[in-house]
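> What follows is a structure written as C-alpha cells; I'll ask about it next.
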Amino acid sequence: MERRRFVRTALSGAAAAATAFAIPAGANAAEADNLTNIVFTEEDPGHFAKLAGLHVPKVEVSGNTLNVTTPHPMSEAHYIVSHTVVLEGGKFLDRKTFSWKDKPTSTHQLPDGFKGKITVTSTCNLHDWWLKDLTV
Ligand SMILES: [Fe+2]
C-alpha cells in the first residue's frame, strides 16, 4: 500500500494520531508529500536505517490467521506499543496494544477467503511507525 494513502486512512478518524505527527490544523496527510522519517519501512528506514531489523514487523499467514512479531527488546523505557492491521482499500482489521511487559506478538483473523494486500504496522515508543506490506 502506498504510504501516503495508508497514512491518510489511518489518520482519517484519529485526531490523537494527527496530533502525534504534528499535522497542522486544516491539513491532512494527503497534503504531506514527504513521509520519509515519518513512516518507516525496510526499504525506506530514513534516519533509523540501522534499526530496521528490530522494528519492521515479521508477518506470517496460515489459513485465515495472521501472525505478527516484532523482533524488538521490551523494557519499560523502550518497547513496542502496538501492531495494527489494515486490509486492501484501507479497511481497518485489528489492533493489538502492548505494555513493556508483553511480548510484541499478535494474532489476527483475516476474513474468510481474503485475497489482497495487507499492511501491518509496528509502533515503537522511541522509533515511531514501521510498515510491512504483503499480498496473500
Ligand atoms: Fe525501538
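Ligands are numbered from 1 in the order shown, chains are lettered A, B, ... in the order of the C-alpha cells, and residues start at 1 in each chain.
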Which residues come within 9 Å of Lys115 (chain A), counting only C-alpha atoms, excluding same-chain residues fewer than 5 positions away, as number ranges by chain?

A: 88, 135-136

> Can you write just those residues out, N, CA and C atoms, as a short mmCIF file (atom, residue, chain, number, x, y, z; two decimals), in the first residue's frame?


data_model
loop_
_atom_site.label_atom_id
_atom_site.label_comp_id
_atom_site.auth_asym_id
_atom_site.auth_seq_id
_atom_site.Cartn_x
_atom_site.Cartn_y
_atom_site.Cartn_z
N GLU A 88 -6.45 -4.28 2.17
CA GLU A 88 -6.51 -3.53 0.91
C GLU A 88 -7.71 -2.60 0.90
N THR A 135 1.06 -9.44 0.26
CA THR A 135 -0.14 -9.78 -0.51
C THR A 135 -0.38 -11.27 -0.35
N VAL A 136 -1.64 -11.60 -0.08
CA VAL A 136 -1.99 -13.02 0.04
C VAL A 136 -2.97 -13.37 -1.06
#

> Neighbours of ligand 1 within 12 Å, counting only C-alpha atoms and all ligand atoms, as an mmCIF file with C-alpha atoms, in the first residue's frame?


data_model
loop_
_atom_site.group_PDB
_atom_site.id
_atom_site.type_symbol
_atom_site.label_atom_id
_atom_site.label_comp_id
_atom_site.auth_asym_id
_atom_site.auth_seq_id
_atom_site.Cartn_x
_atom_site.Cartn_y
_atom_site.Cartn_z
ATOM 1 C CA PHE A 40 9.433 3.784 8.100
ATOM 2 C CA PHE A 48 16.657 4.942 11.621
ATOM 3 C CA ALA A 49 18.469 2.885 8.960
ATOM 4 C CA LYS A 50 20.428 0.841 11.486
ATOM 5 C CA LEU A 51 17.239 -0.022 13.381
ATOM 6 C CA ALA A 52 15.093 -1.581 10.645
ATOM 7 C CA GLY A 53 15.912 -5.132 11.712
ATOM 8 C CA LEU A 54 14.408 -4.570 15.148
ATOM 9 C CA HIS A 55 11.300 -2.690 14.055
ATOM 10 C CA VAL A 56 9.921 -3.999 10.772
ATOM 11 C CA PRO A 57 7.181 -6.457 11.748
ATOM 12 C CA THR A 70 8.418 -7.536 16.051
ATOM 13 C CA PRO A 71 11.935 -8.700 16.972
ATOM 14 C CA HIS A 72 12.390 -5.834 19.404
ATOM 15 C CA PRO A 73 13.509 -6.000 23.041
ATOM 16 C CA MET A 74 10.917 -4.866 25.563
ATOM 17 C CA SER A 75 11.820 -2.679 28.546
ATOM 18 C CA GLU A 76 9.937 -0.034 30.489
ATOM 19 C CA ALA A 77 11.916 2.705 28.741
ATOM 20 C CA HIS A 78 11.782 1.287 25.218
ATOM 21 C CA TYR A 79 9.133 -1.024 23.808
ATOM 22 C CA ILE A 80 6.710 -1.816 21.008
ATOM 23 C CA VAL A 81 3.432 -0.053 21.673
ATOM 24 C CA SER A 82 1.151 -1.699 19.120
ATOM 25 C CA TRP A 100 6.525 -3.152 28.097
ATOM 26 C CA PRO A 104 5.458 -7.954 20.826
ATOM 27 C CA SER A 122 4.608 -1.886 14.412
ATOM 28 C CA THR A 123 4.930 1.214 16.578
ATOM 29 C CA CYS A 124 7.901 1.781 18.870
ATOM 30 C CA ASN A 125 7.690 4.341 21.645
ATOM 31 C CA LEU A 126 11.094 5.721 20.643
ATOM 32 C CA HIS A 127 11.410 4.868 16.962
ATOM 33 C CA ASP A 128 7.962 5.560 15.573
ATOM 34 C CA TRP A 129 5.876 3.815 12.989
ATOM 35 C CA TRP A 130 7.101 0.902 10.826
#

> I need the residues in region 41-84 of chain A that are strand (DSSP E or B) according to DSSP; give them as a list of chain:residue names.

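Listing strand (DSSP E or B) positions across region 41-84 of chain A yields A:Lys58, A:Val59, A:Glu60, A:Val61, A:Ser62, A:Thr65, A:Leu66, A:Asn67, A:Val68, A:Thr69, A:Ser75, A:His78, A:Ile80, A:Val81, A:Ser82, A:His83, A:Thr84.
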
> Can you write out the residues you just picked, keeping C-alpha atoms, as a compact mmCIF listing (two decimals), in the first residue's frame?


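Written out: selection_6.txt:
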# COMPACT_ATOMS: atom_id res chain seq x y z
CA LYS A 58 7.58 -10.09 10.69
CA VAL A 59 4.32 -11.39 9.27
CA GLU A 60 3.19 -14.94 8.55
CA VAL A 61 -0.14 -16.08 7.18
CA SER A 62 -1.52 -19.53 7.92
CA THR A 65 -4.64 -16.39 10.69
CA LEU A 66 -2.11 -13.57 10.50
CA ASN A 67 0.76 -13.81 13.00
CA VAL A 68 2.83 -10.69 13.64
CA THR A 69 6.07 -10.45 15.59
CA SER A 75 11.82 -2.68 28.55
CA HIS A 78 11.78 1.29 25.22
CA ILE A 80 6.71 -1.82 21.01
CA VAL A 81 3.43 -0.05 21.67
CA SER A 82 1.15 -1.70 19.12
CA HIS A 83 0.51 -3.67 15.95
CA THR A 84 -2.18 -2.54 13.54

> Could you tell me which of A:Thr41, A:Gly63, A:Lys117, A:Thr105 comes closest to Val86 (chain A) if we count only C-alpha atoms?

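When distances to Val86 (chain A) are compared using only C-alpha atoms, the smallest one comes from A:Lys117.
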